[in-house]
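Undergrad: For reference, the file entry10.tsv (TSV, C-alpha atoms) is included below:
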chain	number	residue	atom	x	y	z
A	30	MET	CA	-0.66	-20.54	36.90
A	31	ALA	CA	-1.13	-20.53	33.14
A	32	ASP	CA	2.61	-19.93	32.68
A	33	VAL	CA	3.43	-22.94	34.86
A	34	ALA	CA	0.93	-25.07	32.90
A	35	ARG	CA	2.52	-24.09	29.56
A	36	TYR	CA	6.02	-24.68	30.93
A	37	VAL	CA	5.18	-28.29	31.89
A	38	ASN	CA	2.63	-28.82	29.11
A	39	VAL	CA	-0.23	-29.73	31.42
A	40	SER	CA	-3.62	-28.14	32.14
A	41	PRO	CA	-4.03	-25.28	34.65
A	42	ARG	CA	-6.31	-27.63	36.59
A	43	THR	CA	-3.42	-30.07	37.06
A	44	VAL	CA	-1.16	-27.25	38.26
A	45	SER	CA	-3.85	-26.16	40.74
A	46	GLN	CA	-4.29	-29.71	42.02
A	47	VAL	CA	-0.56	-30.14	42.64
A	48	LEU	CA	0.18	-26.74	44.20
A	49	ASN	CA	-2.98	-26.62	46.30
A	50	GLY	CA	-2.81	-30.26	47.33
A	51	SER	CA	-6.33	-30.87	46.01
A	52	GLU	CA	-5.83	-33.98	43.85
A	53	ASN	CA	-8.16	-36.87	44.68
A	54	ALA	CA	-8.69	-40.49	43.70
A	55	THR	CA	-10.45	-39.65	40.44
A	56	THR	CA	-7.95	-37.06	39.21
A	57	ARG	CA	-4.69	-38.30	40.68
A	58	VAL	CA	-1.53	-36.70	39.26
A	59	SER	CA	1.56	-38.87	38.78
A	60	GLU	CA	4.54	-38.25	41.03
A	61	GLU	CA	6.66	-37.35	38.01
A	62	THR	CA	4.17	-34.73	36.80
A	63	ALA	CA	3.76	-33.32	40.31
A	64	TRP	CA	7.54	-32.98	40.60
A	65	LYS	CA	7.72	-31.18	37.23
A	66	VAL	CA	4.95	-28.78	38.27
A	67	ARG	CA	6.65	-27.89	41.57
A	68	GLU	CA	10.00	-27.49	39.82
A	69	ALA	CA	8.43	-25.18	37.22
A	70	ALA	CA	6.73	-23.15	39.93
A	71	GLU	CA	10.10	-22.53	41.58
A	72	VAL	CA	11.80	-21.69	38.28
A	73	LEU	CA	9.04	-19.25	37.33
A	74	LYS	CA	8.77	-17.83	40.88
A	75	TYR	CA	5.06	-18.63	40.93
A	76	ARG	CA	2.89	-17.51	43.86
A	77	PRO	CA	-0.87	-18.13	44.05
A	78	SER	CA	-2.93	-15.03	43.41
A	79	ALA	CA	-4.20	-13.59	46.67
A	80	SER	CA	-7.37	-12.34	45.02
A	81	ALA	CA	-8.04	-15.76	43.50
A	82	ARG	CA	-7.59	-17.42	46.87
A	83	ALA	CA	-10.00	-14.92	48.42
A	84	MET	CA	-12.65	-15.68	45.80
A	85	LYS	CA	-12.29	-19.38	46.68
A	86	GLY	CA	-12.77	-18.62	50.37
A	87	LYS	CA	-9.12	-19.21	51.30
A	88	GLY	CA	-8.79	-15.74	52.74
A	89	LEU	CA	-6.63	-12.66	52.50
A	90	ARG	CA	-4.96	-10.46	55.10
A	91	GLN	CA	-2.38	-13.06	56.10
A	92	VAL	CA	1.08	-12.44	57.50
A	93	GLY	CA	3.77	-15.13	57.66
A	94	PHE	CA	6.31	-15.40	60.49
A	95	ILE	CA	9.39	-17.55	60.01
A	96	LEU	CA	10.35	-18.74	63.48
A	97	GLU	CA	13.54	-20.73	63.90
A	98	TYR	CA	14.23	-22.48	67.17
A	99	GLU	CA	16.94	-24.66	68.63
A	100	PHE	CA	16.82	-27.43	71.20
A	101	LEU	CA	18.61	-26.89	74.49
A	102	ASP	CA	19.08	-30.05	76.56
A	103	GLY	CA	16.34	-31.71	74.51
A	104	ARG	CA	13.82	-28.89	75.00
A	105	VAL	CA	12.98	-25.62	73.29
A	106	PRO	CA	13.78	-22.65	75.56
A	107	PRO	CA	11.20	-19.81	75.57
A	108	VAL	CA	13.62	-17.15	74.49
A	109	ILE	CA	12.49	-14.69	71.83
A	110	GLY	CA	9.88	-16.79	70.04
A	111	MET	CA	6.78	-16.86	72.23
A	112	PRO	CA	6.73	-13.23	73.48
A	113	ALA	CA	7.39	-11.95	69.95
A	114	VAL	CA	4.67	-14.19	68.51
A	115	LEU	CA	2.22	-12.85	71.09
A	116	GLY	CA	3.12	-9.27	70.17
A	117	ILE	CA	2.69	-9.97	66.46
A	118	GLY	CA	-0.54	-11.88	66.99
A	119	ASP	CA	-2.12	-9.28	69.26
A	120	TYR	CA	-1.50	-6.45	66.82
A	121	LEU	CA	-2.70	-8.43	63.81
A	122	ALA	CA	-5.84	-9.56	65.64
A	123	GLU	CA	-6.63	-5.95	66.49
A	124	LYS	CA	-6.40	-5.12	62.77
A	125	ASP	CA	-8.34	-8.25	61.71
A	126	TRP	CA	-5.35	-9.95	60.08
A	127	ASN	CA	-4.23	-13.58	60.34
A	128	LEU	CA	-0.87	-15.01	61.32
A	129	SER	CA	0.77	-18.05	59.71
A	130	ILE	CA	3.81	-19.42	61.56
A	131	CYS	CA	6.52	-21.38	59.80
A	132	ARG	CA	8.40	-23.33	62.49
A	133	GLU	CA	11.88	-24.50	61.63
A	134	GLN	CA	14.70	-25.92	63.69
A	135	ARG	CA	17.75	-23.66	63.69
A	136	GLY	CA	19.36	-23.89	60.29
A	137	GLY	CA	16.38	-25.70	58.77
A	138	LEU	CA	15.02	-22.94	56.54
A	139	ASP	CA	17.27	-21.49	53.88
A	140	SER	CA	16.83	-19.52	50.67
A	141	SER	CA	16.33	-22.72	48.65
A	142	ARG	CA	13.30	-23.79	50.72
A	143	LEU	CA	11.73	-20.34	50.91
A	144	PRO	CA	9.92	-20.42	47.52
A	145	ARG	CA	7.94	-23.51	48.51
A	146	TYR	CA	6.85	-21.88	51.78
A	147	LEU	CA	5.71	-18.78	49.93
A	148	ARG	CA	3.75	-20.85	47.38
A	149	GLU	CA	2.01	-22.93	50.01
A	150	HIS	CA	1.02	-20.08	52.31
A	151	SER	CA	0.33	-17.18	49.93
A	152	VAL	CA	1.06	-14.54	52.56
A	153	ASP	CA	0.65	-10.82	51.94
A	154	GLY	CA	3.77	-10.02	53.92
A	155	LEU	CA	6.47	-11.80	55.91
A	156	ILE	CA	8.26	-11.27	59.23
A	157	LEU	CA	11.68	-12.90	59.34
A	158	ASN	CA	13.13	-13.74	62.74
A	159	SER	CA	16.76	-12.77	62.20
A	160	SER	CA	19.48	-15.40	62.27
A	161	SER	CA	23.06	-14.76	61.16
A	162	PRO	CA	23.73	-11.77	58.86
A	163	ALA	CA	24.92	-14.06	56.04
A	164	LYS	CA	21.84	-16.27	56.16
A	165	ASP	CA	19.52	-13.26	56.49
A	166	ALA	CA	21.05	-11.73	53.36
A	167	LYS	CA	20.28	-14.81	51.24
A	168	ILE	CA	16.68	-15.08	52.42
A	169	LEU	CA	16.08	-11.33	51.98
A	170	GLU	CA	17.43	-11.58	48.43
A	171	GLU	CA	14.80	-14.24	47.67
A	172	LEU	CA	12.05	-12.15	49.25
A	173	ARG	CA	12.98	-9.20	47.06
A	174	LYS	CA	12.73	-11.45	43.97
A	175	PHE	CA	9.18	-12.34	44.96
A	176	GLU	CA	8.42	-8.69	45.72
A	177	ILE	CA	6.91	-9.56	49.09
A	178	PRO	CA	6.75	-6.87	51.79
A	179	HIS	CA	8.90	-8.03	54.67
A	180	VAL	CA	10.29	-6.92	58.02
A	181	VAL	CA	13.32	-8.33	59.84
A	182	LEU	CA	12.70	-9.03	63.52
A	183	ASN	CA	15.66	-8.49	65.85
A	184	GLY	CA	18.00	-7.84	62.93
A	185	CYS	CA	20.55	-5.17	62.16
A	186	SER	CA	19.27	-3.68	58.90
A	187	PRO	CA	19.10	0.15	58.63
A	188	SER	CA	15.57	-0.09	57.20
A	189	ASN	CA	12.47	-2.27	57.47
A	190	SER	CA	13.57	-3.95	60.67
A	191	ILE	CA	12.84	-3.90	64.39
A	192	CYS	CA	15.85	-4.39	66.62
A	193	LEU	CA	16.96	-4.34	70.23
A	194	ASP	CA	19.56	-1.79	71.35
A	195	ASP	CA	22.06	-4.33	72.66
A	196	VAL	CA	24.81	-1.72	72.91
A	197	ALA	CA	22.70	0.30	75.34
A	198	GLY	CA	21.81	-2.89	77.23
A	199	ILE	CA	25.44	-3.86	77.81
A	200	GLN	CA	26.27	-0.27	78.79
A	201	LYS	CA	23.49	-0.34	81.40
A	202	ALA	CA	24.79	-3.63	82.81
A	203	LEU	CA	28.37	-2.34	82.99
A	204	THR	CA	27.26	0.91	84.60
A	205	HIS	CA	25.35	-1.03	87.24
A	206	LEU	CA	28.36	-3.21	88.09
A	207	ILE	CA	30.86	-0.35	88.06
A	208	GLN	CA	28.66	1.79	90.31
A	209	LEU	CA	28.59	-1.11	92.77
A	210	GLY	CA	32.40	-0.96	92.81
A	211	HIS	CA	33.32	-3.82	90.47
A	212	SER	CA	36.42	-3.53	88.31
A	213	LYS	CA	37.25	-7.17	87.47
A	214	ILE	CA	34.26	-7.84	85.22
A	215	VAL	CA	34.41	-10.89	82.92
A	216	TYR	CA	32.15	-11.26	79.90
A	217	VAL	CA	30.74	-14.76	79.32
A	218	GLY	CA	29.47	-15.41	75.80
A	219	LYS	CA	29.31	-17.65	72.78
A	220	LYS	CA	32.32	-18.19	70.56
A	221	GLU	CA	30.39	-18.86	67.35
A	222	GLU	CA	28.37	-15.93	66.01
A	223	SER	CA	25.07	-17.73	65.43
A	224	HIS	CA	23.24	-14.39	65.69
A	225	HIS	CA	24.37	-10.83	65.08
A	226	SER	CA	23.73	-9.99	68.76
A	227	VAL	CA	26.61	-12.30	69.77
A	228	GLY	CA	29.19	-9.93	68.26
A	229	VAL	CA	27.28	-6.75	69.12
A	230	ARG	CA	27.06	-7.52	72.85
A	231	ARG	CA	30.66	-8.72	73.11
A	232	ASN	CA	31.99	-5.66	71.27
A	233	ALA	CA	29.85	-3.34	73.40
A	234	TYR	CA	31.42	-4.90	76.50
A	235	LEU	CA	34.94	-4.52	75.11
A	236	GLU	CA	34.29	-0.90	74.17
A	237	GLY	CA	32.66	-0.10	77.51
A	238	MET	CA	35.53	-1.59	79.51
A	239	SER	CA	38.11	0.29	77.43
A	240	GLN	CA	36.29	3.59	77.86
A	241	THR	CA	36.33	3.21	81.63
A	242	GLY	CA	39.98	2.16	81.73
A	243	LEU	CA	39.22	-1.36	82.91
A	244	LEU	CA	40.86	-4.53	81.61
A	245	PRO	CA	38.39	-6.56	79.51
A	246	GLN	CA	38.32	-10.33	79.95
A	247	VAL	CA	36.20	-12.71	77.88
A	248	TRP	CA	35.37	-16.34	78.68
A	249	HIS	CA	33.75	-18.23	75.82
A	250	TYR	CA	31.16	-20.77	76.82
A	251	GLY	CA	32.18	-24.20	75.60
A	252	THR	CA	35.78	-23.92	76.79
A	253	GLY	CA	37.18	-25.83	79.72
A	254	PRO	CA	39.48	-28.69	80.69
A	255	VAL	CA	37.61	-31.34	78.64
A	256	ALA	CA	35.28	-29.26	76.47
A	257	ASP	CA	37.59	-29.36	73.47
A	258	GLN	CA	37.53	-33.17	73.34
A	259	SER	CA	34.94	-34.99	71.23
A	260	GLU	CA	32.34	-35.25	74.01
A	261	LYS	CA	28.97	-35.90	72.37
A	262	SER	CA	26.83	-36.26	75.46
A	263	ARG	CA	25.03	-33.10	76.55
A	264	ILE	CA	25.67	-34.03	80.17
A	265	SER	CA	29.41	-34.38	79.55
A	266	LYS	CA	29.47	-31.08	77.69
A	267	ARG	CA	27.59	-29.26	80.45
A	268	ARG	CA	29.89	-30.77	83.09
A	269	ALA	CA	32.93	-29.64	81.08
A	270	GLU	CA	31.57	-26.12	80.83
A	271	SER	CA	30.85	-26.04	84.57
A	272	LEU	CA	34.38	-27.22	85.37
A	273	GLY	CA	35.73	-24.60	83.00
A	274	ILE	CA	33.96	-21.63	84.61
A	275	VAL	CA	34.82	-22.80	88.16
A	276	GLU	CA	38.48	-23.24	87.21
A	277	TYR	CA	38.50	-19.82	85.52
A	278	PHE	CA	36.98	-18.15	88.60
A	279	ARG	CA	39.51	-19.70	90.96
A	280	GLU	CA	42.42	-18.73	88.71
A	281	LYS	CA	41.39	-15.18	87.75
A	282	GLN	CA	39.26	-14.21	90.78
A	283	PRO	CA	36.86	-11.85	88.97
A	284	THR	CA	34.33	-9.98	91.08
A	285	ALA	CA	31.54	-10.10	88.47
A	286	PHE	CA	30.37	-12.04	85.42
A	287	LEU	CA	28.36	-10.27	82.70
A	288	CYS	CA	26.72	-12.92	80.52
A	289	TYR	CA	25.48	-12.89	76.93
A	290	SER	CA	22.13	-14.38	77.95
A	291	ASP	CA	20.10	-15.41	80.98
A	292	ILE	CA	20.66	-19.05	80.08
A	293	ASN	CA	24.44	-18.52	80.19
A	294	ALA	CA	24.07	-16.67	83.49
A	295	LEU	CA	22.03	-19.48	85.07
A	296	HIS	CA	24.61	-22.05	83.99
A	297	VAL	CA	27.41	-19.93	85.49
A	298	SER	CA	25.46	-19.44	88.71
A	299	GLN	CA	24.67	-23.15	89.10
A	300	ALA	CA	28.26	-24.17	88.41
A	301	LEU	CA	29.72	-21.74	90.93
A	302	LEU	CA	27.14	-22.45	93.63
A	303	GLY	CA	27.77	-26.17	93.16
A	304	ALA	CA	31.47	-25.57	93.80
A	305	GLY	CA	30.81	-23.65	97.02
A	306	VAL	CA	31.18	-20.17	95.53
A	307	ARG	CA	28.63	-17.72	96.98
A	308	VAL	CA	26.54	-15.57	94.64
A	309	PRO	CA	26.61	-12.58	94.99
A	310	GLU	CA	28.85	-12.43	98.10
A	311	ASP	CA	31.90	-13.90	96.29
A	312	VAL	CA	30.96	-12.94	92.73
A	313	SER	CA	28.09	-11.01	91.13
A	314	ILE	CA	26.30	-12.31	88.03
A	315	VAL	CA	24.30	-10.35	85.43
A	316	GLY	CA	22.25	-11.97	82.68
A	317	TYR	CA	20.61	-10.63	79.55
A	318	ASP	CA	17.00	-10.85	78.20
A	319	ASP	CA	14.98	-11.24	81.46
A	320	LEU	CA	13.37	-14.55	80.56
A	321	PRO	CA	10.09	-15.27	82.38
A	322	TYR	CA	11.54	-17.66	84.95
A	323	VAL	CA	14.83	-16.04	86.01
A	324	TYR	CA	13.33	-14.24	89.00
A	325	LEU	CA	12.66	-17.71	90.45
A	326	ASN	CA	16.36	-18.54	90.48
A	327	HIS	CA	18.19	-18.38	93.79
A	328	PRO	CA	19.53	-15.81	93.99
A	329	ALA	CA	17.06	-14.01	91.69
A	330	LEU	CA	18.95	-12.95	88.57
A	331	THR	CA	19.90	-9.34	87.88
A	332	THR	CA	19.53	-8.90	84.13
A	333	VAL	CA	18.86	-6.64	81.16
A	334	ARG	CA	15.27	-6.86	79.98
A	335	SER	CA	14.74	-7.27	76.22
A	336	GLU	CA	11.22	-6.21	75.27
A	337	PHE	CA	10.44	-9.14	72.96
A	338	TYR	CA	6.67	-8.57	73.07
A	339	GLN	CA	7.13	-4.96	71.96
A	340	LEU	CA	9.56	-6.18	69.32
A	341	GLY	CA	6.86	-8.38	67.79
A	342	LEU	CA	4.16	-5.72	68.05
A	343	GLU	CA	6.29	-3.10	66.27
A	344	ALA	CA	7.26	-5.62	63.57
A	345	ALA	CA	3.59	-6.35	62.81
A	346	LYS	CA	2.79	-2.64	62.74
A	347	MET	CA	5.62	-1.88	60.31
A	348	LEU	CA	4.72	-4.83	58.06
A	349	LEU	CA	1.11	-3.71	57.64
A	350	ASP	CA	2.40	-0.25	56.74
A	351	LEU	CA	4.64	-1.87	54.13
A	352	VAL	CA	1.76	-3.95	52.74
A	353	ALA	CA	-0.19	-0.71	52.29
A	354	LYS	CA	2.83	0.93	50.62
A	355	PRO	CA	4.86	-1.96	49.11
A	356	SER	CA	7.61	0.15	47.56
A	357	SER	CA	8.32	2.09	50.75
A	358	GLU	CA	11.25	1.83	53.12
A	359	PHE	CA	10.82	2.64	56.78
A	360	PRO	CA	13.71	3.44	59.13
A	361	SER	CA	14.44	0.67	61.59
A	362	VAL	CA	12.80	0.90	64.99
A	363	VAL	CA	15.14	0.42	67.94
A	364	ILE	CA	13.64	-0.94	71.19
A	365	GLN	CA	15.40	0.25	74.34
A	366	PRO	CA	16.31	-2.26	77.09
A	367	GLU	CA	15.70	-1.92	80.81
A	368	MET	CA	18.04	-2.78	83.68
A	369	ILE	CA	16.37	-5.13	86.16
A	370	VAL	CA	18.23	-5.29	89.47
A	371	ARG	CA	17.58	-8.31	91.66
A	372	SER	CA	19.68	-10.18	94.23
A	373	SER	CA	22.50	-11.75	92.13
A	374	THR	CA	24.61	-8.57	92.31
A	375	CYS	CA	26.05	-6.61	95.21
A	376	PRO	CA	29.23	-4.59	95.96
A	377	PRO	CA	32.40	-6.72	95.78
A	378	SER	CA	33.77	-8.06	99.05
A	379	SER	CA	36.79	-6.17	100.34
Let me see whether you can do it: turn the structure in this file into C-alpha cells.
TA:
Amino acid sequence: MADVARYVNVSPRTVSQVLNGSENATTRVSEETAWKVREAAEVLKYRPSASARAMKGKGLRQVGFILEYEFLDGRVPPVIGMPAVLGIGDYLAEKDWNLSICREQRGGLDSSRLPRYLREHSVDGLILNSSSPAKDAKILEELRKFEIPHVVLNGCSPSNSICLDDVAGIQKALTHLIQLGHSKIVYVGKKEESHHSVGVRRNAYLEGMSQTGLLPQVWHYGTGPVADQSEKSRISKRRAESLGIVEYFREKQPTAFLCYSDINALHVSQALLGAGVRVPEDVSIVGYDDLPYVYLNHPALTTVRSEFYQLGLEAAKMLLDLVAKPSSEFPSVVIQPEMIVRSSTCPPSS
C-alpha cells in the first residue's frame, strides 16, 4: 500500500479508502484521485495483505471461484456451475474455509479485469472454471504474475487442474450404441470451440468410428435451411436448427445421434418427435453430462454422466494443498464418466 501511495503521491490512508471502498462524507476522495490510485494498484500489481485484513476482522482462509455462465433462451442452464460450486463449497466448509464466487457472463471476465477482482477479494487461492484454451492461457499468465495458488476446473492442463475424461465418455457412448447394433451413428455438436471439450469430444468420436471401421458423420448445430441467414430471434434460430436436423435425418437416415451435450440431445429429440419421428424406435439418441432433469424427458435420455460435484470437490482439495505448498505442482486429476442407459436408445429397426 505504501508503494501505491508514493506512486500517486497521496497518503496510505487515501489508498486504503479507495481500494477498500471505505471513504465517507468527511474524507471523500475525488474521482480523479480514486482513478489514479486504482490505476497505480494495477500497474504495481498490488493486493491487500491477507494478514492485515485478518487483523481488521476481514478474515482469511478464502478461496475465489470464477464462474462464467451463458444465457440459453433467456435463462441460465444448470450445467456445470451449480454442482461444481456445491462440491467446492462442501469441501471448503468441512475445512473451515470460505468461498467467494465471481459471477461473469460468458466472455465477461478477461485478463485485463482480473487484477481488480483479486484486489477487491483478497483470496488466498483461486479456482478458474475453464473456458477456451486461449482465454485460459491469458488469465493463468496473470495469476502467475500475482503468485496466487490456482487450480483449473474442467481444463486440459497437465498439472494443477481437475478434468473430465471426455475421451472415455465418448468411447463408452459409442460402445453402447455399437453393441446395440448401430452403425450409422451421427455426432451432433457445436461448430465453434467455445470450450476445449468441444474439440475433444468430436475428435474422440471421429477416432472411435475410424477404429471400428464405421463412417463418421458430423452435424454441427446451427446449420440448416435458414440458419445461415441473419436470423436474430432465438425462436427463429431454434426453428431453423429443428428444420435442419429433421431434414438431415430424412436425407441420411442415421440410426443414432450421439450429441455433444444433453441440451443438444433434447433439442434433437424434440425436433424429431415434432416431425413424427419415433425415439428410439426410428432413431436412438445419446446425450452427454446427465443434467438433473433429463430423466424426466420422454423418452428418458440415455447419456454419459459427468461428475461435476466430484470435479468441484477435487478442485477445492487440490487448491488447499497448493495454498499449503505454493510452489508445488500437482498432476492433474482425471474424473471418469459413467454411462447411464435409459429409454432413448434401443437396437436399430431392421
Undergrad: Rounded to one decimal in Å, what is the spacing between CA of Leu169 (chain A) and CA of Leu155 (chain A)?
TA: 10.4 Å
Undergrad: Which protein, DNA or RNA residues have an atom at most 9 Å from (29.4, -17.7, 71.8), counting only C-alpha atoms? List them as a VMD selection string.
TA: chain A and resid 217 to 223 227 to 228 249 to 251 289
Undergrad: Using all atoms listed in the file, which protein or nucleic acid residues come within 8 Å of Ser160 (chain A)? Drop anything in the same chain fewer than 3 positions from it, and give the result as a tab-separated table (two decimals) with C-alpha atoms, in the frame of the given file.
TA:
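So result.tsv came out as:
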chain	number	residue	atom	x	y	z
A	164	LYS	CA	21.84	-16.27	56.16
A	165	ASP	CA	19.52	-13.26	56.49
A	184	GLY	CA	18.00	-7.84	62.93
A	223	SER	CA	25.07	-17.73	65.43
A	224	HIS	CA	23.24	-14.39	65.69
A	225	HIS	CA	24.37	-10.83	65.08
Undergrad: For a quick check of your reading of the model, name the residues lying within 9 Å of the coordinate (38.1, -14.1, 80.6), counting only C-alpha atoms, and write them as number ranges by chain.
TA: A: 214-217, 245-249, 277, 281, 283
Undergrad: Between CA of Met30 (chain A) and CA of Tyr75 (chain A), measure the distance and give it in Å to one decimal.
TA: 7.3 Å
Undergrad: Go through region 295-340 of chain A and flag each residue having an atom no more than 9 Å from region 196-201 of chain A; for those, report the closest pair of atoms plus their distance in Å to one decimal, using all atoms listed in the file, ordered by chain and rising number, as a Markdown table.
TA:
| residue | atom | partner | partner_atom | distance |
| --- | --- | --- | --- | --- |
| A:Tyr317 | CA | A:Gly198 | CA | 8.2 |
| A:Val333 | CA | A:Gly198 | CA | 6.2 |
| A:Arg334 | CA | A:Gly198 | CA | 8.1 |
| A:Ser335 | CA | A:Gly198 | CA | 8.4 |
Undergrad: Tell me which protein, DNA and RNA residues are within 8 Å of Ala113 (chain A), counting only C-alpha atoms, leaving out same-chain ones fewer than 6 positions away, and put them as a PyMOL selection string.
TA: chain A and resi 337-342
Undergrad: So how far away is CA of Glu60 (chain A) from CA of Thr43 (chain A), in Å?
TA: 12.1 Å
Undergrad: Please list as a PDB file with C-alpha atoms, keeping the file's coordinate frame every residue within 7 Å of Val44 (chain A), counting only C-alpha atoms and excluding residues in the same chain fewer than 4 positions away.
TA:
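Result file is result_31.pdb:
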ATOM      1  CA  MET A  30      -0.660 -20.540  36.900  1.00  0.00           C
ATOM      2  CA  ALA A  34       0.930 -25.070  32.900  1.00  0.00           C
ATOM      3  CA  SER A  40      -3.620 -28.140  32.140  1.00  0.00           C
ATOM      4  CA  LEU A  48       0.180 -26.740  44.200  1.00  0.00           C
ATOM      5  CA  VAL A  66       4.950 -28.780  38.270  1.00  0.00           C
TER       6      VAL A  66
END
Undergrad: Nearest residue to Asp291 (chain A) out of A:Ile314, A:Ser271, A:Asp125, A:Asp119, using all atoms listed in the file?
TA: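 Comparing A:Ile314, A:Ser271, A:Asp125, A:Asp119 against Asp291 (chain A), the winner is A:Ile314.
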Undergrad: Return the single residue from A:Val370, A:Val352, A:Ile130, A:Ala345 that is closest to Val323 (chain A), with distances computed using all atoms listed in the file.
TA: A:Val370
